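Student: Pasting in a structure now, in C-alpha cells, and then I'll have a few things to ask.
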Amino acid sequence: MTTTLHIKNMVCPRCILVVENELKALGVDIKDVKLGYAQVVLPQGITLPIVDDKLKEFGFELIFEADSILAEEVKAAVLAYLKHIEQEGKEAKKLSDFISVKIGKNYNYISKIFSKQTGHTLEKYCILVRVEKVKELLDYDQLNVSEIALQLGYSSVHYLSNQFRRITGLTISDYKKRMRIDRGFLDDL
C-alpha cells in the first residue's frame with residue numbers, strides 16, 4: 001500500500017536526493033519524491049518511527065499534523081514561486097494568486113495557518129527566501145546586481161538593495177567584501 005510521507009525541511013534538489021538515498025537504504029520502494037513529501041511503499045518491518053529516525057540524521061523529519069503539513073507545502077510553493085519569477089520576470093503572478101492556486105486553498109486561510117506555524121507572515125518568508133537567493137547569486141559572482149534584480153523580478157536595483165539591507169543588516173557591497181574576507185585564506189595559497 002502506498003503511503004505519503006510528509007517531510008519537513010526539504011528545500012532543494014539535493015534534499016530530494018538525500019531523502020531518496022536514505023529511503024532506498026532502508027529498503028523502501030519509492031514511487032515519487034518531491035519537496036516536502038515522498039510517496040512510498042514501506043517494506044515489512046520498516047515503521048514510520050524508523051523512517052523518521054533515519055531522516056532526522058540528515059535534518060529532516062516526518063510531520064503528521066495537518067497545519068504543519070500545510071506550512072511545508074507553502075514553503076515548497078514559495079520556492080516554486082521564486083522559480084516562476086526567474087522564468088517569467090516582472091510579468092509573474094502575484095504571490096497570493098500563485099500560492100492559492102498551487103495549494104488549492106484560500107490565500108487568507110493559507111496565510112493564517114502559515115503565520116501560526118512559522119512565526120512569519122507568508123510575505124515576510126518569501127522576502128527572506130528571496131534575499132537568500134540574492135546571497136547565493138552574489139556568492140556565485142557570475143551576475144552583477146542589476147542582472148540579479150532583473151532575474152529575481154525586483155522592480156529596481158534600489159529596491160533590491162534596500163530590501164537586502166533591511167534583512168541582512170549589510171549593504172550588498174559590504175556583503176561582497178565580507179564574502180571575500182571570509183574566503184581570503186584561499187587566495188593566499
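Lettering and numbering for the C-alpha cells are positional, with chains as A, B, ... in the shown order, residues counted from 1 in each chain, and ligands counted from 1 in the shown order.
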Once DSSP has gone over the backbone, tell me which residues of range 4-189 of chain A are in alpha helix (DSSP H), as number ranges by chain.
Tutor: A: 13-25, 48-56, 66-88, 95-103, 107-118, 122-140, 145-151, 157-168, 172-187
Student: Could you name the residues that touch range 80-84 of chain A at 8 Å or less, counting only C-alpha atoms, but leaving out those on the same chain fewer than 6 positions away, as a PyMOL selection string?
Tutor: chain A and resi 92+95+98-99+130+152
Student: For those residues, write all heavy atoms to a file as a short mmCIF file (atom, residue, chain, number, x, y, z; two decimals), in the first residue's frame.
Tutor:
data_model
loop_
_atom_site.label_atom_id
_atom_site.label_comp_id
_atom_site.auth_asym_id
_atom_site.auth_seq_id
_atom_site.Cartn_x
_atom_site.Cartn_y
_atom_site.Cartn_z
N ALA A 92 5.34 37.96 -13.74
CA ALA A 92 4.91 36.82 -12.93
C ALA A 92 3.63 37.14 -12.16
O ALA A 92 3.32 38.29 -11.89
CB ALA A 92 6.02 36.43 -11.96
N LEU A 95 2.14 36.81 -5.63
CA LEU A 95 2.39 35.73 -4.68
C LEU A 95 1.09 35.10 -4.20
O LEU A 95 0.94 33.88 -4.20
CB LEU A 95 3.19 36.26 -3.48
CG LEU A 95 3.40 35.27 -2.33
CD1 LEU A 95 4.29 34.11 -2.75
CD2 LEU A 95 3.99 35.98 -1.12
N PHE A 98 -0.52 32.94 -6.92
CA PHE A 98 0.29 31.76 -7.21
C PHE A 98 0.13 30.72 -6.10
O PHE A 98 -0.12 29.54 -6.38
CB PHE A 98 1.77 32.15 -7.36
CG PHE A 98 2.64 31.01 -7.81
CD1 PHE A 98 2.86 30.78 -9.14
CD2 PHE A 98 3.25 30.18 -6.87
CE1 PHE A 98 3.68 29.72 -9.56
CE2 PHE A 98 4.05 29.12 -7.27
CZ PHE A 98 4.26 28.90 -8.61
N ILE A 99 0.29 31.15 -4.85
CA ILE A 99 0.22 30.23 -3.72
C ILE A 99 -1.17 29.61 -3.61
O ILE A 99 -1.31 28.40 -3.39
CB ILE A 99 0.59 30.94 -2.40
CG1 ILE A 99 2.02 31.47 -2.44
CG2 ILE A 99 0.35 30.05 -1.19
CD1 ILE A 99 3.11 30.43 -2.44
N ARG A 130 13.86 35.03 -0.81
CA ARG A 130 14.34 35.79 -1.97
C ARG A 130 15.72 36.39 -1.69
O ARG A 130 16.61 36.35 -2.53
CB ARG A 130 13.33 36.88 -2.30
CG ARG A 130 13.31 37.33 -3.71
CD ARG A 130 12.11 38.24 -3.89
NE ARG A 130 11.98 38.72 -5.23
CZ ARG A 130 11.17 39.69 -5.59
NH1 ARG A 130 10.40 40.26 -4.70
NH2 ARG A 130 11.11 40.08 -6.84
N LEU A 152 15.44 38.08 -10.55
CA LEU A 152 14.55 37.76 -9.43
C LEU A 152 13.29 38.63 -9.40
O LEU A 152 12.54 38.60 -8.43
CB LEU A 152 15.31 37.86 -8.11
CG LEU A 152 16.44 36.85 -7.94
CD1 LEU A 152 17.15 37.03 -6.61
CD2 LEU A 152 15.95 35.42 -8.11
#
Student: Mind checking DSSP for range 3-116 of chain A and telling me the strand (DSSP E) residues as a list in words?
Tutor: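 Filtering range 3-116 of chain A down to strand (DSSP E) leaves Thr3, Thr4, Leu5, His6, Ile7, Lys8, Asp29, Ile30, Lys31, Asp32, Val33, Lys34, Tyr37, Ala38, Gln39, Val40, Val41, Glu61, Leu62 and Ile63 of chain A.
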Student: Keeping only all heavy atoms, write the selected residues to a file as a compact mmCIF listing (two decimals), in the first residue's frame.
Tutor:
# COMPACT_ATOMS: atom_id res chain seq x y z
N THR A 3 2.06 4.87 0.78
CA THR A 3 1.95 5.80 1.89
C THR A 3 2.60 7.12 1.49
O THR A 3 3.66 7.13 0.88
CB THR A 3 2.68 5.25 3.14
OG1 THR A 3 2.13 3.97 3.46
CG2 THR A 3 2.57 6.17 4.31
N THR A 4 1.97 8.23 1.84
CA THR A 4 2.57 9.53 1.62
C THR A 4 3.24 9.98 2.90
O THR A 4 2.60 10.09 3.95
CB THR A 4 1.52 10.57 1.18
OG1 THR A 4 0.93 10.13 -0.05
CG2 THR A 4 2.17 11.93 0.95
N LEU A 5 4.54 10.21 2.81
CA LEU A 5 5.32 10.73 3.93
C LEU A 5 5.46 12.23 3.73
O LEU A 5 5.98 12.67 2.71
CB LEU A 5 6.70 10.10 3.97
CG LEU A 5 6.80 8.58 3.99
CD1 LEU A 5 8.25 8.15 3.88
CD2 LEU A 5 6.15 8.02 5.24
N HIS A 6 5.01 13.01 4.69
CA HIS A 6 5.21 14.46 4.64
C HIS A 6 6.49 14.75 5.41
O HIS A 6 6.63 14.34 6.57
CB HIS A 6 4.01 15.19 5.23
CG HIS A 6 2.76 14.95 4.44
ND1 HIS A 6 2.48 15.66 3.28
CD2 HIS A 6 1.75 14.08 4.59
CE1 HIS A 6 1.34 15.23 2.78
NE2 HIS A 6 0.88 14.27 3.55
N ILE A 7 7.42 15.44 4.75
CA ILE A 7 8.77 15.59 5.29
C ILE A 7 9.12 17.07 5.45
O ILE A 7 9.04 17.85 4.50
CB ILE A 7 9.79 14.89 4.37
CG1 ILE A 7 9.37 13.42 4.16
CG2 ILE A 7 11.19 15.00 4.96
CD1 ILE A 7 10.12 12.73 3.07
N LYS A 8 9.54 17.41 6.64
CA LYS A 8 9.90 18.79 6.97
C LYS A 8 11.35 19.06 6.59
O LYS A 8 12.21 18.18 6.66
CB LYS A 8 9.71 19.00 8.48
CG LYS A 8 9.89 20.41 8.94
CD LYS A 8 9.53 20.54 10.41
CE LYS A 8 9.61 21.98 10.83
NZ LYS A 8 9.13 22.16 12.18
N ASP A 29 10.35 1.10 -1.08
CA ASP A 29 10.01 1.20 -2.50
C ASP A 29 9.50 2.62 -2.75
O ASP A 29 8.44 2.99 -2.24
CB ASP A 29 8.94 0.16 -2.86
CG ASP A 29 8.55 0.19 -4.33
OD1 ASP A 29 9.30 0.77 -5.15
OD2 ASP A 29 7.47 -0.35 -4.64
N ILE A 30 10.24 3.40 -3.51
CA ILE A 30 9.91 4.81 -3.73
C ILE A 30 9.10 4.96 -5.00
O ILE A 30 9.52 4.52 -6.07
CB ILE A 30 11.20 5.65 -3.83
CG1 ILE A 30 12.00 5.52 -2.54
CG2 ILE A 30 10.87 7.10 -4.14
CD1 ILE A 30 13.40 6.08 -2.63
N LYS A 31 7.96 5.60 -4.87
CA LYS A 31 7.10 5.89 -6.03
C LYS A 31 7.36 7.30 -6.56
O LYS A 31 7.39 7.52 -7.75
CB LYS A 31 5.62 5.74 -5.67
CG LYS A 31 5.24 4.36 -5.16
CD LYS A 31 5.47 3.31 -6.21
CE LYS A 31 5.08 1.93 -5.70
NZ LYS A 31 5.54 0.88 -6.56
N ASP A 32 7.55 8.27 -5.63
CA ASP A 32 7.77 9.66 -6.02
C ASP A 32 8.34 10.43 -4.84
O ASP A 32 7.96 10.18 -3.69
CB ASP A 32 6.44 10.30 -6.46
CG ASP A 32 6.62 11.67 -7.12
OD1 ASP A 32 7.71 11.94 -7.64
OD2 ASP A 32 5.64 12.45 -7.11
N VAL A 33 9.27 11.34 -5.11
CA VAL A 33 9.79 12.23 -4.07
C VAL A 33 9.83 13.64 -4.64
O VAL A 33 10.37 13.87 -5.72
CB VAL A 33 11.21 11.82 -3.61
CG1 VAL A 33 11.74 12.79 -2.56
CG2 VAL A 33 11.24 10.40 -3.09
N LYS A 34 9.22 14.55 -3.94
CA LYS A 34 9.22 15.97 -4.29
C LYS A 34 9.53 16.75 -3.02
O LYS A 34 9.55 16.18 -1.92
CB LYS A 34 7.86 16.38 -4.84
CG LYS A 34 7.43 15.63 -6.09
CD LYS A 34 7.38 16.56 -7.27
CE LYS A 34 6.74 15.96 -8.48
NZ LYS A 34 7.51 15.07 -9.25
N TYR A 37 7.52 15.94 0.42
CA TYR A 37 6.84 14.65 0.58
C TYR A 37 7.48 13.56 -0.27
O TYR A 37 8.23 13.82 -1.20
CB TYR A 37 5.35 14.77 0.25
CG TYR A 37 5.04 14.85 -1.23
CD1 TYR A 37 4.80 13.70 -1.97
CD2 TYR A 37 4.99 16.07 -1.88
CE1 TYR A 37 4.51 13.77 -3.32
CE2 TYR A 37 4.70 16.15 -3.23
CZ TYR A 37 4.46 15.00 -3.95
OH TYR A 37 4.19 15.06 -5.30
N ALA A 38 7.14 12.34 0.13
CA ALA A 38 7.55 11.16 -0.64
C ALA A 38 6.40 10.17 -0.63
O ALA A 38 5.77 9.96 0.41
CB ALA A 38 8.80 10.53 -0.04
N GLN A 39 6.12 9.59 -1.78
CA GLN A 39 5.13 8.52 -1.86
C GLN A 39 5.91 7.21 -1.95
O GLN A 39 6.74 7.04 -2.85
CB GLN A 39 4.22 8.71 -3.05
CG GLN A 39 3.32 9.92 -2.88
CD GLN A 39 2.38 10.11 -4.05
OE1 GLN A 39 2.75 9.88 -5.19
NE2 GLN A 39 1.17 10.53 -3.74
N VAL A 40 5.64 6.33 -0.98
CA VAL A 40 6.45 5.12 -0.84
C VAL A 40 5.59 3.92 -0.47
O VAL A 40 4.44 4.07 -0.04
CB VAL A 40 7.52 5.32 0.26
CG1 VAL A 40 8.44 6.48 -0.05
CG2 VAL A 40 6.87 5.50 1.63
N VAL A 41 6.19 2.76 -0.61
CA VAL A 41 5.63 1.53 -0.07
C VAL A 41 6.66 1.04 0.95
O VAL A 41 7.81 0.77 0.59
CB VAL A 41 5.39 0.47 -1.16
CG1 VAL A 41 4.91 -0.83 -0.54
CG2 VAL A 41 4.40 0.99 -2.20
N GLU A 61 12.49 15.55 9.05
CA GLU A 61 11.63 14.80 9.96
C GLU A 61 10.25 14.64 9.36
O GLU A 61 9.82 15.44 8.54
CB GLU A 61 11.55 15.44 11.33
CG GLU A 61 10.86 16.77 11.38
CD GLU A 61 10.84 17.38 12.78
OE1 GLU A 61 11.80 18.08 13.12
OE2 GLU A 61 9.87 17.13 13.52
N LEU A 62 9.61 13.57 9.74
CA LEU A 62 8.24 13.33 9.29
C LEU A 62 7.30 14.25 10.06
O LEU A 62 7.52 14.52 11.24
CB LEU A 62 7.84 11.87 9.52
CG LEU A 62 8.60 10.82 8.72
CD1 LEU A 62 8.05 9.43 9.05
CD2 LEU A 62 8.50 11.08 7.23
N ILE A 63 6.28 14.73 9.36
CA ILE A 63 5.26 15.54 10.02
C ILE A 63 3.90 14.91 9.77
O ILE A 63 3.65 14.32 8.72
CB ILE A 63 5.30 17.01 9.55
CG1 ILE A 63 5.32 17.14 8.04
CG2 ILE A 63 6.47 17.75 10.16
CD1 ILE A 63 5.31 18.55 7.52
Student: For Asn108 in chain A, find every residue with an atom within 12 Å (counting only C-alpha atoms), except residues of its own chain fewer than 6 positions away, and show them as a list in words.
Tutor: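 With the cut-off at 12 Å, the set is Ser96, Asp97, Ile99, Ser100, Phe114, Ser115, Thr121, Leu122 and Glu123 of chain A.
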Student: I'd like the contact shell of Gln163 in chain A - 12 Å cut-off, only C-alpha atoms, skipping same-chain residues fewer than 5 positions apart - returned as a CSV table (one decimal) with N, CA, C and O atoms, in the first residue's frame.
Tutor:
chain,number,residue,atom,x,y,z
A,124,LYS,N,6.7,37.9,4.4
A,124,LYS,CA,8.0,38.0,5.0
A,124,LYS,C,8.8,36.8,4.7
A,124,LYS,O,10.0,36.9,4.4
A,126,CYS,N,8.6,34.9,2.1
A,126,CYS,CA,9.0,35.0,0.7
A,126,CYS,C,10.2,36.0,0.5
A,126,CYS,O,11.2,35.7,-0.2
A,127,ILE,N,10.2,37.1,1.3
A,127,ILE,CA,11.3,38.0,1.2
A,127,ILE,C,12.5,37.4,1.7
A,127,ILE,O,13.6,37.6,1.1
A,128,LEU,N,12.4,36.7,2.8
A,128,LEU,CA,13.6,36.1,3.4
A,128,LEU,C,14.2,35.1,2.4
A,128,LEU,O,15.5,35.0,2.3
A,129,VAL,N,13.4,34.3,1.8
A,129,VAL,CA,13.9,33.3,0.8
A,129,VAL,C,14.5,34.0,-0.4
A,129,VAL,O,15.6,33.6,-0.9
A,130,ARG,N,13.9,35.0,-0.8
A,130,ARG,CA,14.3,35.8,-2.0
A,130,ARG,C,15.7,36.4,-1.7
A,130,ARG,O,16.6,36.4,-2.5
A,131,VAL,N,15.9,36.9,-0.5
A,131,VAL,CA,17.2,37.5,-0.1
A,131,VAL,C,18.3,36.4,0.0
A,131,VAL,O,19.4,36.6,-0.4
A,132,GLU,N,17.9,35.2,0.4
A,132,GLU,CA,18.8,34.1,0.4
A,132,GLU,C,19.3,33.8,-1.0
A,132,GLU,O,20.4,33.4,-1.3
A,134,VAL,N,19.4,35.9,-3.4
A,134,VAL,CA,20.3,37.0,-3.8
A,134,VAL,C,21.7,36.7,-3.3
A,134,VAL,O,22.6,36.8,-4.1
A,149,ALA,N,18.8,41.6,-9.9
A,149,ALA,CA,17.5,42.3,-9.7
A,149,ALA,C,16.5,41.9,-10.8
A,149,ALA,O,15.3,41.5,-10.6
A,154,TYR,N,12.8,41.9,-9.2
A,154,TYR,CA,12.8,43.2,-8.5
A,154,TYR,C,12.5,44.3,-9.4
A,154,TYR,O,13.0,44.3,-10.6
A,155,SER,N,11.7,45.3,-9.0
A,155,SER,CA,11.4,46.4,-9.8
A,155,SER,C,12.6,47.3,-10.1
A,155,SER,O,12.6,48.0,-11.1
A,156,SER,N,13.6,47.3,-9.2
A,156,SER,CA,14.8,48.1,-9.4
A,156,SER,C,15.9,47.6,-8.6
A,156,SER,O,15.7,46.9,-7.6
A,157,VAL,N,17.1,48.0,-8.9
A,157,VAL,CA,18.3,47.7,-8.1
A,157,VAL,C,18.2,48.3,-6.7
A,157,VAL,O,18.5,47.8,-5.7
A,158,HIS,N,17.7,49.5,-6.7
A,158,HIS,CA,17.5,50.3,-5.5
A,158,HIS,C,16.6,49.5,-4.5
A,158,HIS,O,16.9,49.4,-3.3
A,168,THR,N,19.5,41.7,6.0
A,168,THR,CA,20.8,41.2,6.4
A,168,THR,C,21.5,42.2,7.3
A,168,THR,O,22.4,41.8,8.0
A,169,GLY,N,21.1,43.5,7.3
A,169,GLY,CA,21.9,44.5,8.1
A,169,GLY,C,23.1,44.9,7.3
A,169,GLY,O,23.9,45.7,7.9
A,170,LEU,N,23.3,44.4,6.1
A,170,LEU,CA,24.5,44.8,5.3
A,170,LEU,C,24.1,45.4,4.0
A,170,LEU,O,23.1,45.0,3.4
A,171,THR,N,24.9,46.3,3.5
A,171,THR,CA,24.7,46.7,2.1
A,171,THR,C,25.2,45.5,1.2
A,171,THR,O,26.0,44.6,1.7
A,172,ILE,N,24.9,45.5,0.0
A,172,ILE,CA,25.4,44.5,-0.9
A,172,ILE,C,26.9,44.6,-1.1
A,172,ILE,O,27.6,43.5,-1.1
Student: Quick one, how far is CA of Glu65 in chain A from CA of Lys24 in chain A?
Tutor: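 Separation of CA of Glu65 in chain A and CA of Lys24 in chain A: 25.1 Å.
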Student: Find the residues near Glu73 in chain A: any atom within 9 Å, counting only C-alpha atoms, skip ones fewer than 2 places away on the same chain, and give them as a PyMOL selection string.
Tutor: chain A and resi 35-37+68-71+75-78+103
Student: Those same residues - all heavy atoms - I'd like them written as a short mmCIF file (atom, residue, chain, number, x, y, z; two decimals), in the first residue's frame.
Tutor:
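As written to disk, part-v6.cif reads:
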data_model
loop_
_atom_site.label_atom_id
_atom_site.label_comp_id
_atom_site.auth_asym_id
_atom_site.auth_seq_id
_atom_site.Cartn_x
_atom_site.Cartn_y
_atom_site.Cartn_z
N LEU A 35 9.73 18.04 -3.15
CA LEU A 35 9.97 18.86 -1.98
C LEU A 35 8.79 18.72 -1.02
O LEU A 35 7.65 18.98 -1.37
CB LEU A 35 10.15 20.34 -2.35
CG LEU A 35 11.40 20.70 -3.14
CD1 LEU A 35 11.43 22.18 -3.44
CD2 LEU A 35 12.66 20.28 -2.41
N GLY A 36 9.07 18.26 0.19
CA GLY A 36 8.05 18.18 1.21
C GLY A 36 7.35 16.85 1.36
O GLY A 36 6.65 16.65 2.35
N TYR A 37 7.52 15.94 0.42
CA TYR A 37 6.84 14.65 0.58
C TYR A 37 7.48 13.56 -0.27
O TYR A 37 8.23 13.82 -1.20
CB TYR A 37 5.35 14.77 0.25
CG TYR A 37 5.04 14.85 -1.23
CD1 TYR A 37 4.80 13.70 -1.97
CD2 TYR A 37 4.99 16.07 -1.88
CE1 TYR A 37 4.51 13.77 -3.32
CE2 TYR A 37 4.70 16.15 -3.23
CZ TYR A 37 4.46 15.00 -3.95
OH TYR A 37 4.19 15.06 -5.30
N SER A 68 0.97 21.71 10.08
CA SER A 68 2.41 21.62 9.79
C SER A 68 2.65 21.18 8.36
O SER A 68 3.56 21.67 7.69
CB SER A 68 3.09 20.65 10.76
OG SER A 68 3.01 21.12 12.08
N ILE A 69 1.84 20.25 7.90
CA ILE A 69 1.95 19.79 6.51
C ILE A 69 1.66 20.94 5.56
O ILE A 69 2.39 21.16 4.59
CB ILE A 69 1.00 18.59 6.26
CG1 ILE A 69 1.48 17.36 7.03
CG2 ILE A 69 0.87 18.29 4.76
CD1 ILE A 69 0.49 16.22 7.08
N LEU A 70 0.61 21.71 5.85
CA LEU A 70 0.28 22.86 5.02
C LEU A 70 1.43 23.86 4.99
O LEU A 70 1.79 24.38 3.93
CB LEU A 70 -1.00 23.54 5.50
CG LEU A 70 -1.42 24.78 4.72
CD1 LEU A 70 -1.73 24.44 3.26
CD2 LEU A 70 -2.63 25.44 5.38
N ALA A 71 2.05 24.13 6.14
CA ALA A 71 3.17 25.07 6.19
C ALA A 71 4.33 24.60 5.30
O ALA A 71 4.95 25.40 4.59
CB ALA A 71 3.65 25.27 7.63
N LYS A 75 5.95 26.40 1.96
CA LYS A 75 7.39 26.65 1.76
C LYS A 75 7.83 26.16 0.38
O LYS A 75 8.57 26.86 -0.33
CB LYS A 75 8.22 25.98 2.85
CG LYS A 75 8.08 26.65 4.20
CD LYS A 75 8.87 25.90 5.26
CE LYS A 75 8.70 26.52 6.62
NZ LYS A 75 9.47 25.78 7.66
N ALA A 76 7.38 24.98 -0.01
CA ALA A 76 7.70 24.45 -1.34
C ALA A 76 7.08 25.32 -2.42
O ALA A 76 7.70 25.57 -3.46
CB ALA A 76 7.24 23.00 -1.48
N ALA A 77 5.87 25.83 -2.18
CA ALA A 77 5.21 26.69 -3.16
C ALA A 77 5.94 28.02 -3.30
O ALA A 77 6.01 28.58 -4.40
CB ALA A 77 3.75 26.92 -2.76
N VAL A 78 6.50 28.54 -2.21
CA VAL A 78 7.27 29.78 -2.28
C VAL A 78 8.51 29.57 -3.15
O VAL A 78 8.85 30.42 -3.99
CB VAL A 78 7.65 30.30 -0.87
CG1 VAL A 78 8.71 31.39 -0.95
CG2 VAL A 78 6.41 30.82 -0.15
N ILE A 103 -1.59 25.60 -3.90
CA ILE A 103 -2.02 24.84 -2.74
C ILE A 103 -3.47 24.38 -2.89
O ILE A 103 -3.87 23.36 -2.33
CB ILE A 103 -1.86 25.68 -1.44
CG1 ILE A 103 -0.41 26.13 -1.25
CG2 ILE A 103 -2.36 24.92 -0.22
CD1 ILE A 103 0.58 25.04 -0.99
#
Student: Which one of A:Glu136, A:Val74, A:Arg14, A:Gln117 sits closest to Lys102 in chain A if you count only C-alpha atoms?
Tutor: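 Looking at the shortest contact to Lys102 in chain A, the residue is A:Val74.
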Student: Would you work out the distance separating CA of Phe64 in chain A from CA of Lys94 in chain A, expressed in Å to one decimal?
Tutor: 29.8 Å
Student: If you count only C-alpha atoms, which residues fall within 12 Å of Val18 in chain A, apart from same-chain ones fewer than 5 positions away, as a short mmCIF file (atom, residue, chain, number, x, y, z; two decimals) with all heavy atoms, in the first residue's frame?
Tutor:
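This went into part19.cif:
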data_model
loop_
_atom_site.label_atom_id
_atom_site.label_comp_id
_atom_site.auth_asym_id
_atom_site.auth_seq_id
_atom_site.Cartn_x
_atom_site.Cartn_y
_atom_site.Cartn_z
N ASN A 9 11.63 20.30 6.18
CA ASN A 9 12.96 20.83 5.90
C ASN A 9 13.54 20.46 4.54
O ASN A 9 14.74 20.59 4.33
CB ASN A 9 13.96 20.47 7.00
CG ASN A 9 13.58 21.05 8.34
OD1 ASN A 9 12.98 22.12 8.41
ND2 ASN A 9 13.88 20.34 9.40
N MET A 10 12.73 20.01 3.62
CA MET A 10 13.21 19.75 2.27
C MET A 10 13.11 21.06 1.48
O MET A 10 12.02 21.60 1.33
CB MET A 10 12.39 18.67 1.58
CG MET A 10 12.58 17.29 2.18
SD MET A 10 11.60 16.03 1.34
CE MET A 10 12.44 15.90 -0.25
N VAL A 11 14.24 21.58 1.00
CA VAL A 11 14.23 22.89 0.36
C VAL A 11 14.91 22.95 -1.01
O VAL A 11 14.88 23.99 -1.65
CB VAL A 11 14.87 23.97 1.28
CG1 VAL A 11 14.06 24.14 2.55
CG2 VAL A 11 16.31 23.62 1.61
N CYS A 12 15.53 21.86 -1.43
CA CYS A 12 16.28 21.94 -2.69
C CYS A 12 16.38 20.56 -3.33
O CYS A 12 16.07 19.55 -2.69
CB CYS A 12 17.67 22.51 -2.44
SG CYS A 12 18.74 21.44 -1.47
N PRO A 13 16.85 20.50 -4.56
CA PRO A 13 17.01 19.21 -5.23
C PRO A 13 17.94 18.24 -4.49
O PRO A 13 17.74 17.04 -4.50
CB PRO A 13 17.58 19.58 -6.60
CG PRO A 13 17.08 20.96 -6.84
CD PRO A 13 17.08 21.62 -5.48
N LEU A 23 15.91 6.58 2.01
CA LEU A 23 14.76 5.67 1.94
C LEU A 23 15.15 4.36 1.23
O LEU A 23 14.78 3.28 1.67
CB LEU A 23 13.58 6.35 1.23
CG LEU A 23 12.92 7.49 1.99
CD1 LEU A 23 11.86 8.17 1.13
CD2 LEU A 23 12.33 7.02 3.31
N LYS A 24 15.94 4.48 0.17
CA LYS A 24 16.41 3.28 -0.54
C LYS A 24 17.27 2.42 0.38
O LYS A 24 17.18 1.19 0.37
CB LYS A 24 17.20 3.66 -1.79
CG LYS A 24 16.35 4.10 -2.94
CD LYS A 24 17.21 4.50 -4.14
CE LYS A 24 16.35 5.09 -5.24
NZ LYS A 24 17.18 5.62 -6.35
N ALA A 25 18.11 3.07 1.19
CA ALA A 25 18.97 2.34 2.13
C ALA A 25 18.15 1.53 3.13
O ALA A 25 18.61 0.50 3.61
CB ALA A 25 19.91 3.31 2.85
N VAL A 33 9.27 11.34 -5.11
CA VAL A 33 9.79 12.23 -4.07
C VAL A 33 9.83 13.64 -4.64
O VAL A 33 10.37 13.87 -5.72
CB VAL A 33 11.21 11.82 -3.61
CG1 VAL A 33 11.74 12.79 -2.56
CG2 VAL A 33 11.24 10.40 -3.09
N LYS A 34 9.22 14.55 -3.94
CA LYS A 34 9.22 15.97 -4.29
C LYS A 34 9.53 16.75 -3.02
O LYS A 34 9.55 16.18 -1.92
CB LYS A 34 7.86 16.38 -4.84
CG LYS A 34 7.43 15.63 -6.09
CD LYS A 34 7.38 16.56 -7.27
CE LYS A 34 6.74 15.96 -8.48
NZ LYS A 34 7.51 15.07 -9.25
N LEU A 35 9.73 18.04 -3.15
CA LEU A 35 9.97 18.86 -1.98
C LEU A 35 8.79 18.72 -1.02
O LEU A 35 7.65 18.98 -1.37
CB LEU A 35 10.15 20.34 -2.35
CG LEU A 35 11.40 20.70 -3.14
CD1 LEU A 35 11.43 22.18 -3.44
CD2 LEU A 35 12.66 20.28 -2.41
N ALA A 38 7.14 12.34 0.13
CA ALA A 38 7.55 11.16 -0.64
C ALA A 38 6.40 10.17 -0.63
O ALA A 38 5.77 9.96 0.41
CB ALA A 38 8.80 10.53 -0.04
N LYS A 54 15.78 7.84 10.78
CA LYS A 54 16.78 7.88 9.70
C LYS A 54 16.84 9.27 9.07
O LYS A 54 17.92 9.83 8.83
CB LYS A 54 16.45 6.82 8.64
CG LYS A 54 17.49 6.68 7.58
CD LYS A 54 18.78 6.18 8.19
CE LYS A 54 19.75 5.71 7.14
NZ LYS A 54 21.07 5.44 7.73
N LEU A 55 15.66 9.85 8.81
CA LEU A 55 15.62 11.18 8.18
C LEU A 55 16.17 12.26 9.12
O LEU A 55 16.79 13.23 8.67
CB LEU A 55 14.20 11.51 7.73
CG LEU A 55 13.64 10.65 6.59
CD1 LEU A 55 12.20 11.02 6.30
CD2 LEU A 55 14.51 10.76 5.34
N LYS A 56 15.94 12.10 10.41
CA LYS A 56 16.43 13.09 11.39
C LYS A 56 17.96 13.17 11.39
O LYS A 56 18.52 14.22 11.69
CB LYS A 56 15.91 12.76 12.79
CG LYS A 56 14.48 13.20 12.99
CD LYS A 56 13.98 12.89 14.39
CE LYS A 56 12.55 13.38 14.55
NZ LYS A 56 11.99 13.02 15.86
N GLU A 57 18.62 12.08 11.03
CA GLU A 57 20.09 12.10 10.93
C GLU A 57 20.57 13.15 9.93
O GLU A 57 21.71 13.60 10.00
CB GLU A 57 20.62 10.72 10.51
CG GLU A 57 20.44 9.64 11.54
CD GLU A 57 20.91 8.28 11.01
OE1 GLU A 57 21.73 8.24 10.06
OE2 GLU A 57 20.45 7.26 11.56
N PHE A 58 19.70 13.53 9.00
CA PHE A 58 20.07 14.47 7.93
C PHE A 58 19.29 15.78 8.01
O PHE A 58 19.26 16.54 7.05
CB PHE A 58 19.86 13.79 6.57
CG PHE A 58 20.74 12.59 6.40
CD1 PHE A 58 20.29 11.33 6.77
CD2 PHE A 58 22.03 12.72 5.91
CE1 PHE A 58 21.11 10.22 6.65
CE2 PHE A 58 22.86 11.62 5.79
CZ PHE A 58 22.40 10.36 6.16
N GLY A 59 18.66 16.03 9.15
CA GLY A 59 17.97 17.30 9.35
C GLY A 59 16.54 17.34 8.86
O GLY A 59 15.93 18.41 8.81
N PHE A 60 16.00 16.20 8.50
CA PHE A 60 14.60 16.13 8.05
C PHE A 60 13.79 15.46 9.15
O PHE A 60 14.35 14.85 10.05
CB PHE A 60 14.48 15.31 6.76
CG PHE A 60 15.38 15.78 5.66
CD1 PHE A 60 16.47 15.02 5.27
CD2 PHE A 60 15.14 16.99 5.02
CE1 PHE A 60 17.30 15.45 4.25
CE2 PHE A 60 15.97 17.42 4.00
CZ PHE A 60 17.05 16.65 3.62
#
Student: Which residues are near Asn144 in chain A? Cut-off 12 Å, only C-alpha atoms, ignore same chain within fewer than 6 positions. Put them as a VMD selection string.
Tutor: chain A and resid 134 to 135 137 to 138 150 to 151 157 172 to 173 176
Student: One decimal, Å: what's the distance from CA of Lys93 in chain A over to CA of Gly153 in chain A, could you say?
Tutor: 10.9 Å
